[in-house]
file final26.cif (mmCIF, C-alpha atoms)
data_model
#
loop_
_atom_site.label_atom_id
_atom_site.label_comp_id
_atom_site.auth_asym_id
_atom_site.auth_seq_id
_atom_site.Cartn_x
_atom_site.Cartn_y
_atom_site.Cartn_z
CA MET O 13 89.03 50.97 -7.16
CA VAL O 14 87.59 51.85 -3.81
CA VAL O 15 90.68 50.49 -2.13
CA LYS O 16 92.96 52.56 -4.33
CA SER O 17 90.98 55.67 -3.61
CA SER O 18 91.07 55.12 0.16
CA THR O 19 94.79 54.36 -0.05
CA ARG O 20 95.50 57.67 -1.78
CA ILE O 21 93.66 59.44 1.03
CA PHE O 22 95.20 57.34 3.80
CA VAL O 23 98.87 57.50 2.83
CA PRO O 24 99.32 61.29 3.01
CA TRP O 25 97.53 61.23 6.35
CA LEU O 26 99.89 58.51 7.57
CA ILE O 27 102.93 60.43 6.36
CA GLY O 28 101.67 63.52 8.13
CA VAL O 29 101.24 61.66 11.39
CA GLY O 30 104.70 60.08 11.07
CA LEU O 31 106.28 63.43 10.30
CA ALA O 32 104.56 65.00 13.28
CA PHE O 33 105.79 62.18 15.48
CA MET O 34 109.38 62.59 14.24
CA LEU O 35 109.27 66.34 14.72
CA SER O 36 107.97 65.93 18.24
CA GLY O 37 110.87 63.54 18.92
CA PHE O 38 113.39 66.03 17.59
CA ALA O 39 111.78 68.75 19.68
CA ALA O 40 112.09 66.59 22.78
CA ALA O 41 115.74 65.87 21.96
CA ALA O 42 116.40 69.58 21.51
CA ASP O 43 115.00 70.28 24.98
CA THR O 44 117.12 67.65 26.76
CA ILE O 45 120.66 66.34 26.92
CA ARG O 46 120.40 62.63 26.21
CA LEU O 47 122.90 60.34 27.90
CA GLY O 48 122.90 56.81 26.52
CA VAL O 49 123.82 54.07 28.99
CA ALA O 50 124.71 50.72 27.44
CA GLY O 51 125.87 47.55 29.13
CA ALA O 52 124.90 44.28 30.74
CA HIS O 53 121.76 45.15 32.68
CA SER O 54 120.61 41.53 32.88
CA GLY O 55 122.18 38.07 32.65
CA ASP O 56 125.30 36.61 34.24
CA LEU O 57 127.33 39.81 33.91
CA ALA O 58 124.71 42.25 35.13
CA SER O 59 126.76 42.70 38.31
CA TYR O 60 129.23 44.62 36.12
CA GLY O 61 126.72 46.69 34.16
CA LEU O 62 124.12 47.69 36.74
CA PRO O 63 126.57 49.58 39.02
CA THR O 64 127.52 51.86 36.11
CA LYS O 65 123.86 52.37 35.21
CA ARG O 66 123.10 53.34 38.80
CA ALA O 67 126.14 55.63 38.86
CA ALA O 68 124.77 57.43 35.80
CA GLU O 69 121.37 57.78 37.47
CA LEU O 70 122.93 59.37 40.56
CA VAL O 71 125.11 61.77 38.56
CA VAL O 72 122.19 62.81 36.35
CA LYS O 73 120.02 63.36 39.42
CA GLU O 74 122.72 65.61 40.88
CA TYR O 75 123.13 67.60 37.66
CA ASN O 76 119.39 68.03 37.18
CA ALA O 77 119.01 69.27 40.75
CA LYS O 78 121.46 72.06 39.87
CA GLY O 79 119.76 73.04 36.62
CA GLY O 80 120.99 70.36 34.24
CA VAL O 81 123.59 70.87 31.52
CA LEU O 82 123.57 73.94 29.28
CA GLY O 83 120.31 74.85 30.98
CA LYS O 84 118.66 71.61 29.82
CA LYS O 85 117.47 68.60 31.76
CA VAL O 86 119.62 65.47 31.35
CA GLU O 87 117.73 62.34 30.30
CA ILE O 88 119.02 58.76 30.39
CA LEU O 89 118.31 56.29 27.59
CA ALA O 90 119.42 52.86 28.82
CA GLU O 91 119.85 49.76 26.65
CA ASP O 92 120.88 46.23 27.68
CA ASP O 93 123.50 44.42 25.58
CA VAL O 94 123.97 41.46 27.97
CA CYS O 95 127.71 41.91 27.31
CA LYS O 96 127.34 40.12 23.98
CA PRO O 97 128.81 41.58 20.77
CA GLU O 98 125.94 40.26 18.64
CA VAL O 99 123.46 42.16 20.82
CA ALA O 100 125.58 45.31 21.18
CA THR O 101 125.09 46.22 17.52
CA ASN O 102 121.33 46.47 18.01
CA THR O 103 121.82 48.26 21.33
CA ALA O 104 124.01 50.93 19.72
CA THR O 105 121.61 51.35 16.82
CA LYS O 106 118.73 51.93 19.23
CA LEU O 107 120.65 54.57 21.16
CA VAL O 108 121.69 56.41 18.01
CA SER O 109 118.10 56.30 16.74
CA GLY O 110 116.98 57.61 20.12
CA GLY O 111 119.03 60.75 19.60
CA VAL O 112 121.64 60.32 22.33
CA HIS O 113 124.32 63.00 22.51
CA VAL O 114 126.95 60.92 24.34
CA VAL O 115 127.13 57.30 25.48
CA LEU O 116 128.30 55.79 28.75
CA GLY O 117 129.21 52.22 27.86
CA HIS O 118 129.61 49.54 26.91
CA ILE O 119 130.82 47.31 29.76
CA CYS O 120 132.57 44.35 28.10
CA SER O 121 135.38 44.89 25.59
CA GLY O 122 133.90 42.65 22.89
CA ALA O 123 130.54 44.40 22.99
CA THR O 124 132.26 47.78 23.10
CA LYS O 125 134.35 47.07 20.02
CA THR O 126 131.29 45.91 18.07
CA ALA O 127 129.31 49.05 18.94
CA LEU O 128 132.04 51.67 18.54
CA GLY O 129 131.91 51.83 14.75
CA ILE O 130 128.21 52.70 14.89
CA TYR O 131 128.83 55.54 17.34
CA LYS O 132 131.83 56.71 15.33
CA ASP O 133 129.79 56.96 12.14
CA ALA O 134 127.11 58.87 14.05
CA GLY O 135 129.66 61.28 15.55
CA ILE O 136 128.98 60.31 19.17
CA VAL O 137 131.54 60.34 21.98
CA THR O 138 131.50 57.07 23.92
CA MET O 139 133.07 56.36 27.31
CA SER O 140 133.40 53.05 29.17
CA SER O 141 133.94 52.42 32.85
CA SER O 142 135.29 48.92 32.33
CA ALA O 143 136.24 48.01 28.72
CA THR O 144 139.97 47.42 29.09
CA ASN O 145 141.08 45.92 25.76
CA PRO O 146 144.17 47.98 24.72
CA ASP O 147 143.17 48.03 21.04
CA LEU O 148 140.14 50.20 21.83
CA THR O 149 142.34 53.24 22.47
CA GLN O 150 145.77 52.29 21.17
CA SER O 151 144.83 51.24 17.64
CA GLY O 152 143.66 54.71 16.64
CA ARG O 153 140.54 53.23 15.01
CA TYR O 154 138.14 54.68 17.55
CA PRO O 155 138.90 58.37 18.14
CA ASN O 156 135.42 58.75 19.65
CA PHE O 157 136.24 56.34 22.50
CA PHE O 158 137.35 57.20 26.05
CA ARG O 159 137.52 55.21 29.28
CA THR O 160 137.95 55.72 33.02
CA ILE O 161 139.87 52.49 33.58
CA ALA O 162 143.40 51.51 32.59
CA SER O 163 144.01 49.07 29.74
CA ASP O 164 144.77 45.36 29.93
CA ASP O 165 148.45 45.65 29.07
CA ALA O 166 148.88 47.45 32.42
CA GLN O 167 146.68 44.89 34.17
CA ALA O 168 148.49 41.93 32.63
CA ARG O 169 151.85 43.41 33.62
CA LEU O 170 150.59 43.69 37.19
CA ASP O 171 149.27 40.11 37.23
CA ALA O 172 152.45 38.65 35.74
CA GLY O 173 154.71 40.76 37.96
CA PHE O 174 152.78 39.75 41.06
CA ALA O 175 153.13 36.05 40.20
CA MET O 176 156.87 36.30 39.54
CA ASP O 177 158.06 38.97 41.96
CA VAL O 178 155.74 38.54 44.94
CA LEU O 179 154.63 34.90 44.79
CA LYS O 180 158.04 33.90 43.34
CA VAL O 181 156.61 31.20 41.06
CA LYS O 182 158.59 29.76 38.17
CA LYS O 183 155.92 27.83 36.27
CA ILE O 184 152.71 29.59 35.18
CA ALA O 185 149.62 28.39 33.30
CA VAL O 186 147.87 31.14 31.36
CA LEU O 187 144.21 30.60 30.46
CA HIS O 188 141.61 32.74 28.72
CA ASP O 189 137.98 32.66 27.58
CA LYS O 190 138.79 33.33 23.88
CA GLY O 191 137.11 36.76 24.00
CA ASP O 192 138.58 40.19 23.15
CA TYR O 193 139.02 40.96 26.82
CA GLY O 194 140.19 37.64 28.25
CA LYS O 195 142.39 36.49 25.39
CA GLY O 196 143.96 39.92 25.01
CA LEU O 197 144.93 40.04 28.67
CA ALA O 198 146.28 36.49 28.57
CA GLU O 199 148.44 37.21 25.52
CA PHE O 200 149.92 40.27 27.22
CA ALA O 201 150.58 38.27 30.40
CA ARG O 202 152.35 35.58 28.39
CA SER O 203 154.52 38.15 26.59
CA PHE O 204 155.53 39.81 29.88
CA ILE O 205 156.44 36.48 31.45
CA GLU O 206 158.45 35.33 28.45
CA ALA O 207 160.26 38.68 28.17
CA SER O 208 161.19 38.68 31.87
CA ARG O 209 162.77 35.21 31.78
CA LYS O 210 161.92 34.91 35.47
CA ALA O 211 159.33 32.21 34.88
CA LYS O 212 158.07 29.87 32.19
CA VAL O 213 154.59 29.62 30.65
CA VAL O 214 153.95 25.87 30.90
CA LEU O 215 150.39 26.01 29.51
CA PHE O 216 148.56 28.54 27.34
CA GLU O 217 145.00 27.60 26.49
CA GLY O 218 141.54 28.97 25.76
CA ILE O 219 138.41 27.58 27.39
CA THR O 220 134.80 27.57 26.19
CA PRO O 221 132.63 30.05 28.10
CA GLY O 222 129.49 28.57 29.64
CA ALA O 223 130.77 24.99 29.75
CA VAL O 224 129.56 22.84 32.64
CA ASP O 225 132.77 20.90 33.13
CA TYR O 226 136.33 22.26 33.05
CA SER O 227 137.98 19.11 34.39
CA ALA O 228 140.00 18.62 31.20
CA VAL O 229 141.78 21.97 31.50
CA VAL O 230 142.13 21.53 35.27
CA ASN O 231 143.89 18.23 34.63
CA LYS O 232 146.18 19.96 32.13
CA ILE O 233 147.07 22.57 34.75
CA LYS O 234 147.92 19.81 37.22
CA GLN O 235 149.97 17.84 34.69
CA SER O 236 151.89 20.94 33.60
CA GLY O 237 153.29 21.43 37.08
CA ALA O 238 152.10 25.05 37.14
CA GLU O 239 152.52 26.79 40.45
CA ALA O 240 150.11 29.56 39.45
CA VAL O 241 147.30 30.18 37.00
CA ILE O 242 146.71 33.56 35.37
CA TYR O 243 143.19 33.67 33.94
CA GLY O 244 141.81 36.24 31.52
CA GLY O 245 138.02 36.32 31.53
CA TYR O 246 134.93 36.73 33.68
CA HIS O 247 133.68 35.36 36.99
CA PRO O 248 131.25 32.60 35.82
CA GLU O 249 134.03 30.51 34.25
CA ALA O 250 136.64 31.49 36.85
CA SER O 251 134.44 30.29 39.70
CA SER O 252 133.88 26.92 37.99
CA ILE O 253 137.60 26.42 37.35
CA VAL O 254 138.59 27.35 40.91
CA ILE O 255 135.93 25.08 42.44
CA GLN O 256 137.14 22.13 40.34
CA MET O 257 140.79 22.88 41.18
CA ARG O 258 140.08 22.90 44.91
CA LYS O 259 138.03 19.69 44.66
CA LYS O 260 141.19 18.06 43.29
CA ARG O 261 143.05 19.54 46.27
CA MET O 262 145.21 21.68 44.02
CA ASN O 263 146.76 24.55 45.97
CA THR O 264 147.92 26.28 42.77
CA TYR O 265 147.71 30.07 43.03
CA PHE O 266 144.83 31.52 41.00
CA ILE O 267 145.34 35.06 39.71
CA SER O 268 142.81 36.86 37.56
CA ASP O 269 141.57 40.24 36.43
CA ASP O 270 138.88 42.84 37.06
CA GLY O 271 136.42 40.51 35.34
CA VAL O 272 136.74 38.33 38.44
CA LYS O 273 137.26 41.06 41.03
CA ASP O 274 133.56 41.07 41.83
CA ASP O 275 131.54 39.92 44.83
CA THR O 276 129.51 37.61 42.58
CA PHE O 277 132.62 35.49 42.06
CA ILE O 278 132.96 35.05 45.82
CA LYS O 279 129.28 34.18 46.21
CA VAL O 280 129.40 31.55 43.46
CA ALA O 281 132.81 30.04 44.26
CA GLY O 282 132.12 29.99 48.01
CA LYS O 283 134.96 28.57 50.10
CA ALA O 284 136.97 27.88 46.94
CA ALA O 285 137.29 31.65 46.44
CA GLU O 286 139.46 32.01 49.55
CA GLY O 287 143.00 33.03 48.62
CA VAL O 288 142.19 33.90 45.00
CA TYR O 289 143.94 37.01 43.67
CA ALA O 290 142.41 39.45 41.20
CA SER O 291 143.55 42.79 39.87
CA GLY O 292 141.08 45.65 39.78
CA PRO O 293 140.84 49.44 39.71
CA LYS O 294 142.86 51.24 42.37
CA ASP O 295 141.05 51.69 45.65
CA THR O 296 139.97 55.34 45.86
CA THR O 297 137.23 54.83 48.45
CA LYS O 298 138.93 57.29 50.84
CA ASN O 299 138.51 60.09 48.29
CA PRO O 300 135.82 62.47 49.69
CA LEU O 301 133.95 62.38 46.37
CA ALA O 302 134.03 58.58 46.43
CA ILE O 303 132.71 58.56 49.99
CA ALA O 304 129.85 60.83 48.94
CA ALA O 305 129.05 58.74 45.83
CA ILE O 306 129.00 55.49 47.80
CA ALA O 307 126.79 57.07 50.47
CA ALA O 308 124.37 58.28 47.78
CA HIS O 309 124.20 54.76 46.35
CA LYS O 310 123.47 53.22 49.74
CA LYS O 311 120.77 55.80 50.43
CA THR O 312 119.10 55.43 47.03
CA TYR O 313 119.41 51.70 46.43
CA ASN O 314 119.80 50.41 50.00
CA ALA O 315 122.88 48.41 48.99
CA ASP O 316 126.62 48.70 48.58
CA PRO O 317 127.71 49.58 45.02
CA GLY O 318 129.21 46.85 42.88
CA ALA O 319 132.15 46.57 40.49
CA PHE O 320 133.11 49.64 38.43
CA PHE O 321 130.62 51.90 40.23
CA LEU O 322 133.17 54.64 40.88
CA ASN O 323 134.56 54.31 37.34
CA GLY O 324 131.02 54.66 36.01
CA TYR O 325 130.36 57.65 38.26
CA ALA O 326 133.53 59.33 37.03
CA ALA O 327 132.63 58.60 33.39
CA ALA O 328 129.16 60.12 33.73
CA GLN O 329 130.64 63.20 35.41
CA ALA O 330 133.32 63.57 32.74
CA LEU O 331 130.86 63.32 29.85
CA LEU O 332 128.41 65.86 31.23
CA ALA O 333 131.18 68.21 32.38
CA ALA O 334 132.69 68.10 28.88
CA ILE O 335 129.38 69.10 27.29
CA GLN O 336 129.09 71.95 29.77
CA LYS O 337 132.66 73.13 29.10
CA ALA O 338 132.29 72.76 25.35
CA LYS O 339 128.92 74.56 25.41
CA SER O 340 127.95 72.06 22.76
CA THR O 341 126.96 68.43 22.21
CA LYS O 342 128.89 68.19 18.94
CA TYR O 343 131.46 65.43 18.76
CA ALA O 344 134.59 67.49 18.08
CA ALA O 345 133.83 70.00 20.83
CA VAL O 346 133.05 67.35 23.46
CA ALA O 347 136.13 65.28 22.58
CA LYS O 348 138.36 68.35 22.80
CA ALA O 349 136.90 69.29 26.18
CA LEU O 350 137.57 65.79 27.56
CA ARG O 351 141.24 66.10 26.60
CA THR O 352 141.55 69.71 27.78
CA TYR O 353 139.72 70.23 31.05
CA PRO O 354 140.37 68.12 34.17
CA VAL O 355 137.34 67.10 36.21
CA ASP O 356 137.12 66.17 39.89
CA THR O 357 135.76 62.64 40.26
CA PRO O 358 135.71 59.81 42.83
CA LEU O 359 138.83 58.52 41.04
CA GLY O 360 140.61 61.84 41.59
CA LYS O 361 141.13 64.73 39.19
CA ILE O 362 141.25 63.23 35.71
CA LYS O 363 141.42 64.21 32.07
CA PHE O 364 142.12 62.14 29.00
CA ASP O 365 145.18 61.67 26.80
CA LYS O 366 145.21 61.80 23.01
CA ASN O 367 144.20 58.12 22.83
CA GLY O 368 141.22 58.51 25.16
CA ASP O 369 142.74 56.87 28.25
CA ALA O 370 142.19 58.57 31.60
CA ILE O 371 145.43 59.98 32.99
CA GLY O 372 146.23 58.81 36.51
CA VAL O 373 144.03 55.72 36.82
CA GLY O 374 145.50 52.27 37.34
CA PHE O 375 145.16 48.83 38.91
CA SER O 376 145.80 47.27 42.31
CA MET O 377 145.96 43.63 43.39
CA TYR O 378 143.34 42.15 45.70
CA GLN O 379 142.94 38.82 47.49
CA VAL O 380 139.86 37.09 48.86
CA LYS O 381 140.23 36.91 52.64
CA ASN O 382 137.37 35.80 54.87
CA GLY O 383 134.90 36.22 52.02
CA VAL O 384 135.88 39.71 50.87
CA TYR O 385 138.45 41.21 48.50
CA VAL O 386 141.30 42.95 50.34
CA GLU O 387 144.01 45.01 48.68
CA VAL O 388 147.50 43.50 48.90
CA PRO O 389 150.99 44.92 48.17
CA VAL O 390 152.32 44.31 44.68
CA ALA O 391 155.52 44.46 42.71
CA ALA O 392 154.88 44.98 39.02
CA ALA O 393 157.08 43.40 36.39
CA PRO O 394 159.00 45.80 34.15
CA ALA O 395 157.44 46.37 30.76
CA PRO O 396 159.20 44.52 27.91
CA LYS O 397 160.60 46.56 25.08
CA LYS O 398 158.17 46.97 22.22
CA LYS O 399 158.98 45.14 19.02
CA ARG O 400 159.70 47.42 16.13
#
call {"tool": "encode", "arguments": {"input": "final26.cif", "output": "structure tokens"}}
result
Amino acid sequence: MVVKSSTRIFVPWLIGVGLAFMLSGFAAAADTIRLGVAGAHSGDLASYGLPTKRAAELVVKEYNAKGGVLGKKVEILAEDDVCKPEVATNTATKLVSGGVHVVLGHICSGATKTALGIYKDAGIVTMSSSATNPDLTQSGRYPNFFRTIASDDAQARLDAGFAMDVLKVKKIAVLHDKGDYGKGLAEFARSFIEASRKAKVVLFEGITPGAVDYSAVVNKIKQSGAEAVIYGGYHPEASSIVIQMRKKRMNTYFISDDGVKDDTFIKVAGKAAEGVYASGPKDTTKNPLAIAAIAAHKKTYNADPGAFFLNGYAAAQALLAAIQKAKSTKYAAVAKALRTYPVDTPLGKIKFDKNGDAIGVGFSMYQVKNGVYVEVPVAAAPAPKKKR
């Protein structure tokens, strides 16, 4: 009886405290513009996620120094998804619960796809600096999604065209890591090669991410007679495959994607990285805004920025500029502003098409020379006709 009596007294008090806490949270959200930043901030792929997080921090600092957005201070809510789809769901839920108005992220295509439905249901515009899977914009399932990087069909066309038209190879092995990003790029590369009839795909195979030994697939590459490998995936597996290929004294060309166009690949692969090709975002480092952004990074973090930094910087600018132009944080208004008003960024002046892709961005080809990636001339393969 005593317990029941104390419970009746305690519960209303608890509800009152909870309500007060919630109201204080809503009040805080009303006084700030909340920018969610989601991506790999730890783990093997942190070298992709941290540059975008730092880009957001620099852009927010710049905006706040000028009075914020809509007269409100911009606040960052950052969540780590480790680039894993099973974690990204929880990451997105946390950001939505935290009252974010827009989201910069995620980094990896698989994690992005998993999280997008949550943001869509919550009416939140989401923009990635690096999620390149074509389905994210071209399927029409995610009208809330935008990105400041071109899609993998363009990247795969570049990789395949480079192999056939520049390296002049006739036999190509196409590998992937079975993920949304890697497998999607590999399938596009295979379709471009087969449609061109300039070369033959002599091996198409998925590998298991995180494996210690890739000697079986390396032997298959050797036995297939492939003159080049096109790999869709990320740097941890690519470095292992390249190291094992070079140990077997295989001089087969190795061509990969922006998941490998990262200094971490070079550090891990060491001497085996020399000569490796990888496509990545166009070099815009001579753009005055890019020069300023890179200088700000060096001053603040005492280091050169990593992969997708400029794409992340442009995404943060675009999101906050859209809120300012829309004079609102509501989904429809922000999305319309992104498609209507161009914004000056380190990538150039950009705005977004009806699908959410940034107009004017693209890929270049790079090669590791003397321990650094250097841009090289390319000749892209013509796009095959779409099947009807």
call {"tool": "residues_around", "arguments": {"input": "final26.cif", "residues": "O:Val384", "least_positions_apart": "2", "cutoff": "12 Å", "atoms": "all atoms listed in the file", "output": "PyMOL selection string"}}
result
chain O and resi 273-279+282-283+285-290+378-382+386-387
call {"tool": "residues_around", "arguments": {"input": "final26.cif", "residues": "O:Lys294", "least_positions_apart": "6", "cutoff": "6 Å", "atoms": "all atoms listed in the file", "output": "list of chain:residue names"}}
result
O:Gly374, O:Phe375, O:Ser376
call {"tool": "residues_around", "arguments": {"input": "final26.cif", "residues": "O:Ile219", "least_positions_apart": "6", "cutoff": "10 Å", "atoms": "all atoms listed in the file", "output": "list in words"}}
result
Leu187, His188, Asp189, Lys190, Gly191, Lys195, Tyr226, Ala228, Val229, Gly245 and Glu249 of chain O
call {"tool": "resolve_selection", "arguments": {"input": "final26.cif", "expression": "the PyMOL selection byres ((chain O and resi 94) around 9)", "output": "list in words"}}
result
Gly51, Ala52, His53, Ser54, Gly55, Asp56, Leu57, Ala58, Gly61, Asp92, Asp93, Cys95, Lys96, Pro97, Val99, Ala100 and Ala123 of chain O
call {"tool": "atom_distance", "arguments": {"input": "final26.cif", "atom1": "atom CA of O:Val214", "atom2": "atom CA of O:Ile242"}}
result
11.5 Å
call {"tool": "resolve_selection", "arguments": {"input": "final26.cif", "expression": "the PyMOL selection byres ((chain O and resi 365-367) around 6)", "output": "ChimeraX atom specification"}}
result
/O:149,351,364,368-369
call {"tool": "resolve_selection", "arguments": {"input": "final26.cif", "expression": "the PyMOL selection byres ((chain O and resi 373) around 12)", "output": "ChimeraX atom specification"}}
result
/O:141-142,159-163,166-167,292-296,322-323,326,357-365,369-372,374-376
call {"tool": "atom_distance", "arguments": {"input": "final26.cif", "atom1": "atom CA of O:Leu82", "atom2": "atom CA of O:Ala338"}}
result
9.6 Å
call {"tool": "atom_distance", "arguments": {"input": "final26.cif", "atom1": "atom CA of O:Val114", "atom2": "atom CA of O:Thr297"}}
result
26.9 Å
call {"tool": "residues_around", "arguments": {"input": "final26.cif", "residues": "O:Val213", "least_positions_apart": "4", "cutoff": "7 Å", "atoms": "only C-alpha atoms", "output": "MDAnalysis selection string"}}
result
chainID O and resid 183:186 202
call {"tool": "closest_residue", "arguments": {"input": "final26.cif", "among": "O:Gly152, O:Met257, O:Ala330, O:Ser251", "to": "O:Ser140", "atoms": "all atoms listed in the file"}}
result
O:Ala330
call {"tool": "residues_around", "arguments": {"input": "final26.cif", "residues": "O:Asp192", "least_positions_apart": "6", "cutoff": "10 Å", "atoms": "only C-alpha atoms", "output": "list in words"}}
result
Cys120, Ser121, Gly122, Ala123, Thr124, Lys125, Ala143, Thr144, Asn145, Pro146, Asp147, Gly244 and Gly245 of chain O
call {"tool": "closest_residue", "arguments": {"input": "final26.cif", "among": "O:Ser59, O:Glu87, O:Lys234, O:Val254", "to": "O:Val72", "atoms": "only C-alpha atoms"}}
result
O:Glu87
call {"tool": "axis_aligned_box", "arguments": {"input": "final26.cif", "around": "stretch 252-260 of chain O", "padding_each_side": "4 Å", "output": "AutoDock Vina command-line options"}}
result
--center_x 137.5 --center_y 22.7 --center_z 41.1 --size_x 15.3 --size_y 17.3 --size_z 15.6
call {"tool": "closest_residue", "arguments": {"input": "final26.cif", "among": "O:Leu197, O:Lys106, O:Gly383, O:Ala344", "to": "O:Pro155", "atoms": "only C-alpha atoms"}}
result
O:Ala344
call {"tool": "residues_near_point", "arguments": {"input": "final26.cif", "point": "(132.2, 61.2, 18.6)", "cutoff": "6 Å", "atoms": "all atoms listed in the file", "output": "NGL selection string"}}
result
:O and (132 or 135-137 or 156 or 343)
